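Notes to accompany the following structure.
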Amino acid sequence: MPKTFQSIGLIGKPNHHGTNLTLKRLHHWLTMQGFDILVEERVAADIGPQAVSVDLLELGDKCDLAIVVGGDGNMLGAARVLARFDIGVIGVNRGNLGFLTDLPPDSFEAELGEVLDGKFETEHRFLLEAEVHRHGHMKSSNTAVNEAVLHPGKVAHMIEFEVYIDNDFMYSQRADGMIVSTPTGSTAYSLSAGGAILTPNLEALILVPMFPHTLSCRPIVVDACSTIKLVVSPDNGDNLEVSCDGHVTLAVLPGDEIIIKRSHERLRLIHPKGHNYFHVLRSKLGWGSKLF
């Protein structure tokens, strides 16, 4: 019987001892089972000369499954690139909370073996596309899995901007910034700022002001097909930034417009059978177990 996945890519956190150990163990285990293995170039040398080194784009193009070893940050970095390819992605948790990384690093064989035998669940997560427009021209853009955040470039302080939903004016805002989050990102920065948790199956975005000047300004959930426009006041004295997943930053000047909308790209997450989102929330956030 042909395998569900034939070519497997390994991605990890560079220069991390625990990740390196797991990658070596994964590479040996998968090799013994006859899989074709490609290793992302930043960690290939740590595995040894037997590792076939490729860049992330080639890995996404040639592999059927990507295994990301690390925390959610590593998963987000890989996902922003891999979402453009028809590739499944599964994570081995070498981070802290690990909302996106299902497999335990010290005993991944049993669950991963089931996945490789075709016993898994598939979930799609949509991404955001953030664009910075200046004088009618797009100056920069990037994608985000979790959130796009407008904020001051260096020191946190109040900024002024207007918010439009599908070109309809919603409100003007004086705050330290604005978080526009996907359901995937609703358990990350958005949650820390007081936003609600959105279950991954929702086609929605949540807008969370950061320390707004007025207490009446609360987070709001809108349809995922909405186009969010943030118009930065020309009276802001300092340069600003838009951060995508906290990794990629786009420069923003006073008077710029930031367009945030759903990307056409989707991340295909692979989960072991029996994956339950509410179990993940209970275990990661310390929620109470059943009483009876």
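Following the order of the structure tokens, chains are lettered A, B, ..., residues in each are numbered from 1, and ligands are numbered from 1.
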- Task: DSSP on the backbone, then: every residue of stretch 22-208 of chain A marked helix (DSSP H, G or I), written as a VMD selection string.
- Result: chain A and resid 22 to 32 41 to 47 56 to 62 72 to 82 109 to 116 184 to 187 189 to 192
Just the selected residues (N, CA and C atoms), exported as a short mmCIF file (atom, residue, chain, number, x, y, z; two decimals), in the first residue's frame, please.
data_model
loop_
_atom_site.label_atom_id
_atom_site.label_comp_id
_atom_site.auth_asym_id
_atom_site.auth_seq_id
_atom_site.Cartn_x
_atom_site.Cartn_y
_atom_site.Cartn_z
N THR A 22 16.18 16.13 19.18
CA THR A 22 14.95 15.60 18.61
C THR A 22 15.06 15.46 17.09
N LEU A 23 15.69 16.42 16.42
CA LEU A 23 15.86 16.34 14.97
C LEU A 23 16.70 15.13 14.58
N LYS A 24 17.77 14.88 15.30
CA LYS A 24 18.60 13.71 15.00
C LYS A 24 17.82 12.42 15.18
N ARG A 25 17.06 12.37 16.26
CA ARG A 25 16.25 11.18 16.55
C ARG A 25 15.19 10.99 15.47
N LEU A 26 14.54 12.07 15.07
CA LEU A 26 13.54 12.01 14.01
C LEU A 26 14.16 11.54 12.70
N HIS A 27 15.29 12.12 12.35
CA HIS A 27 15.95 11.79 11.08
C HIS A 27 16.30 10.31 11.03
N HIS A 28 16.85 9.78 12.10
CA HIS A 28 17.22 8.36 12.15
C HIS A 28 15.97 7.48 12.08
N TRP A 29 14.96 7.83 12.85
CA TRP A 29 13.73 7.02 12.92
C TRP A 29 13.02 6.98 11.57
N LEU A 30 12.92 8.13 10.91
CA LEU A 30 12.26 8.19 9.61
C LEU A 30 13.08 7.49 8.53
N THR A 31 14.41 7.62 8.60
CA THR A 31 15.29 6.95 7.63
C THR A 31 15.13 5.44 7.71
N MET A 32 15.04 4.91 8.92
CA MET A 32 14.90 3.46 9.10
C MET A 32 13.59 2.94 8.52
N GLU A 41 17.93 24.06 5.70
CA GLU A 41 19.37 24.31 5.68
C GLU A 41 19.93 24.87 6.98
N ARG A 42 19.12 25.57 7.77
CA ARG A 42 19.66 26.17 9.00
C ARG A 42 19.98 25.13 10.07
N VAL A 43 19.39 23.93 9.97
CA VAL A 43 19.63 22.90 10.99
C VAL A 43 20.24 21.64 10.41
N ALA A 44 20.45 21.59 9.09
CA ALA A 44 20.96 20.37 8.45
C ALA A 44 22.34 20.00 8.96
N ALA A 45 23.22 20.99 9.13
CA ALA A 45 24.59 20.69 9.56
C ALA A 45 24.62 20.07 10.95
N ASP A 46 23.64 20.42 11.81
CA ASP A 46 23.61 19.87 13.17
C ASP A 46 23.26 18.39 13.17
N ILE A 47 22.53 17.94 12.13
CA ILE A 47 22.16 16.53 12.06
C ILE A 47 23.34 15.69 11.58
N LEU A 56 13.88 26.56 2.72
CA LEU A 56 12.49 26.33 3.12
C LEU A 56 11.55 26.28 1.93
N LEU A 57 11.83 27.07 0.90
CA LEU A 57 10.98 27.08 -0.29
C LEU A 57 11.05 25.74 -1.02
N GLU A 58 12.26 25.20 -1.16
CA GLU A 58 12.41 23.91 -1.83
C GLU A 58 11.78 22.80 -1.01
N LEU A 59 11.92 22.90 0.30
CA LEU A 59 11.31 21.90 1.18
C LEU A 59 9.78 21.90 1.00
N GLY A 60 9.18 23.09 0.98
CA GLY A 60 7.74 23.19 0.80
C GLY A 60 7.28 22.67 -0.55
N ASP A 61 8.10 22.87 -1.57
CA ASP A 61 7.74 22.46 -2.92
C ASP A 61 7.85 20.95 -3.12
N LYS A 62 8.81 20.30 -2.45
CA LYS A 62 9.12 18.91 -2.73
C LYS A 62 8.55 17.92 -1.72
N ASP A 72 5.86 27.48 19.25
CA ASP A 72 4.92 28.09 18.31
C ASP A 72 5.59 29.12 17.42
N GLY A 73 6.62 29.80 17.92
CA GLY A 73 7.33 30.78 17.11
C GLY A 73 7.97 30.16 15.89
N ASN A 74 8.58 28.99 16.08
CA ASN A 74 9.17 28.28 14.95
C ASN A 74 8.10 27.81 13.97
N MET A 75 6.97 27.35 14.52
CA MET A 75 5.87 26.92 13.67
C MET A 75 5.33 28.10 12.86
N LEU A 76 5.21 29.27 13.47
CA LEU A 76 4.69 30.44 12.76
C LEU A 76 5.62 30.86 11.63
N GLY A 77 6.92 30.86 11.93
CA GLY A 77 7.89 31.25 10.90
C GLY A 77 7.84 30.32 9.70
N ALA A 78 7.76 29.02 9.97
CA ALA A 78 7.66 28.05 8.87
C ALA A 78 6.33 28.16 8.16
N ALA A 79 5.26 28.37 8.91
CA ALA A 79 3.91 28.38 8.34
C ALA A 79 3.72 29.53 7.35
N ARG A 80 4.31 30.69 7.63
CA ARG A 80 4.16 31.83 6.72
C ARG A 80 4.70 31.51 5.33
N VAL A 81 5.68 30.64 5.26
CA VAL A 81 6.25 30.22 3.97
C VAL A 81 5.52 29.00 3.42
N LEU A 82 5.28 28.00 4.26
CA LEU A 82 4.74 26.73 3.79
C LEU A 82 3.27 26.81 3.39
N GLU A 109 7.22 8.87 18.74
CA GLU A 109 7.15 7.78 17.77
C GLU A 109 5.74 7.18 17.61
N ALA A 110 5.05 6.93 18.72
CA ALA A 110 3.75 6.26 18.63
C ALA A 110 2.74 7.11 17.87
N GLU A 111 2.58 8.39 18.26
CA GLU A 111 1.59 9.25 17.61
C GLU A 111 2.00 9.58 16.18
N LEU A 112 3.27 9.86 15.96
CA LEU A 112 3.72 10.18 14.61
C LEU A 112 3.60 8.95 13.71
N GLY A 113 3.86 7.77 14.26
CA GLY A 113 3.69 6.54 13.49
C GLY A 113 2.27 6.37 13.00
N GLU A 114 1.30 6.70 13.85
CA GLU A 114 -0.11 6.64 13.45
C GLU A 114 -0.40 7.63 12.33
N VAL A 115 0.15 8.84 12.45
CA VAL A 115 -0.05 9.85 11.42
C VAL A 115 0.51 9.37 10.09
N LEU A 116 1.72 8.82 10.13
CA LEU A 116 2.37 8.37 8.90
C LEU A 116 1.66 7.17 8.29
N THR A 184 -6.42 31.61 15.11
CA THR A 184 -5.16 30.99 15.55
C THR A 184 -4.43 31.88 16.53
N GLY A 185 -4.39 33.18 16.25
CA GLY A 185 -3.68 34.12 17.11
C GLY A 185 -4.46 34.58 18.32
N SER A 186 -5.72 34.14 18.45
CA SER A 186 -6.53 34.62 19.56
C SER A 186 -6.06 34.08 20.91
N THR A 187 -5.21 33.05 20.92
CA THR A 187 -4.63 32.56 22.18
C THR A 187 -3.22 33.10 22.40
N TYR A 189 -0.97 37.02 21.46
CA TYR A 189 -0.89 38.42 21.88
C TYR A 189 -2.27 38.99 22.16
N SER A 190 -3.24 38.64 21.33
CA SER A 190 -4.61 39.13 21.50
C SER A 190 -5.17 38.74 22.86
N LEU A 191 -4.94 37.51 23.28
CA LEU A 191 -5.44 37.04 24.58
C LEU A 191 -4.79 37.82 25.71
N SER A 192 -3.49 38.06 25.61
CA SER A 192 -2.77 38.82 26.65
C SER A 192 -3.30 40.24 26.77
#
Pull the closest atom pair for each residue of stretch 194-224 of chain A that gets at most 9 Å from stretch 150-170 of chain A, along with the distance in Å to one decimal, counting only C-alpha atoms, ordering rows by chain and then ascending residue number, as a tab-separated table.
residue	atom	partner	partner_atom	distance
A:Met210	CA	A:His151	CA	8.7
A:Phe211	CA	A:Met158	CA	8.5
A:Pro212	CA	A:Met158	CA	8.3
A:His213	CA	A:Met158	CA	8.1
A:Val222	CA	A:Ile165	CA	8.5
Keeping only N, CA, C and O atoms, write the selected residues as a short mmCIF file (atom, residue, chain, number, x, y, z; two decimals), in the first residue's frame.
data_model
loop_
_atom_site.label_atom_id
_atom_site.label_comp_id
_atom_site.auth_asym_id
_atom_site.auth_seq_id
_atom_site.Cartn_x
_atom_site.Cartn_y
_atom_site.Cartn_z
N MET A 210 -4.86 48.26 22.07
CA MET A 210 -3.84 48.10 23.10
C MET A 210 -3.86 49.34 24.01
O MET A 210 -3.50 50.43 23.58
N PHE A 211 -4.30 49.14 25.23
CA PHE A 211 -4.37 50.22 26.22
C PHE A 211 -5.03 51.48 25.66
O PHE A 211 -4.42 52.54 25.57
N PRO A 212 -6.31 51.38 25.26
CA PRO A 212 -6.99 52.53 24.67
C PRO A 212 -7.21 53.64 25.68
O PRO A 212 -7.31 53.41 26.88
N HIS A 213 -7.28 54.87 25.15
CA HIS A 213 -7.43 56.05 26.00
C HIS A 213 -8.82 56.11 26.64
O HIS A 213 -8.99 56.71 27.70
N VAL A 222 -15.19 40.61 13.85
CA VAL A 222 -15.80 40.90 12.55
C VAL A 222 -15.60 39.68 11.64
O VAL A 222 -14.79 38.80 11.92
#
Can I get the residues of stretch 162-195 of chain A within 10 Å of stretch 235-242 of chain A, each with the closest pair of atoms and their distance in Å to one decimal, using only C-alpha atoms, sorted chain first then ascending number, as CSV?
residue,atom,partner,partner_atom,distance
A:Gly177,CA,A:Leu240,CA,9.5
A:Met178,CA,A:Val242,CA,9.5
A:Ile179,CA,A:Val242,CA,9.6
Take the selection from the previous step and output its residues with all heavy atoms, as a compact mmCIF listing (two decimals), in the first residue's frame.
# COMPACT_ATOMS: atom_id res chain seq x y z
N GLY A 177 -1.74 51.03 20.33
CA GLY A 177 -1.68 50.27 19.09
C GLY A 177 -2.97 49.50 18.88
O GLY A 177 -3.94 49.64 19.61
N MET A 178 -2.95 48.66 17.84
CA MET A 178 -4.12 47.84 17.51
C MET A 178 -3.65 46.46 17.07
O MET A 178 -2.75 46.33 16.24
CB MET A 178 -4.94 48.50 16.40
CG MET A 178 -6.10 47.67 15.88
SD MET A 178 -7.41 47.42 17.09
CE MET A 178 -8.29 48.99 16.94
N ILE A 179 -4.28 45.42 17.62
CA ILE A 179 -4.02 44.04 17.24
C ILE A 179 -5.17 43.56 16.37
O ILE A 179 -6.33 43.68 16.75
CB ILE A 179 -3.91 43.12 18.48
CG1 ILE A 179 -2.79 43.61 19.41
CG2 ILE A 179 -3.68 41.67 18.07
CD1 ILE A 179 -2.80 42.93 20.77
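A straight line drawn from atom CA of A:Thr214 to atom CA of A:Glu131 is 27.3 Å long.
You can rank A:Ile8, A:Val180, A:Leu97, A:Cys217 by their closest distance to A:Glu129 using only C-alpha atoms, and at the top of that list sits A:Val180.
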- Using only C-alpha atoms, which residue out of A:Arg84, A:Arg134, A:Lys290, A:Lys273 lies closest to A:Glu257?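 Of A:Arg84, A:Arg134, A:Lys290, A:Lys273, the one nearest A:Glu257, counting only C-alpha atoms, is A:Arg134.
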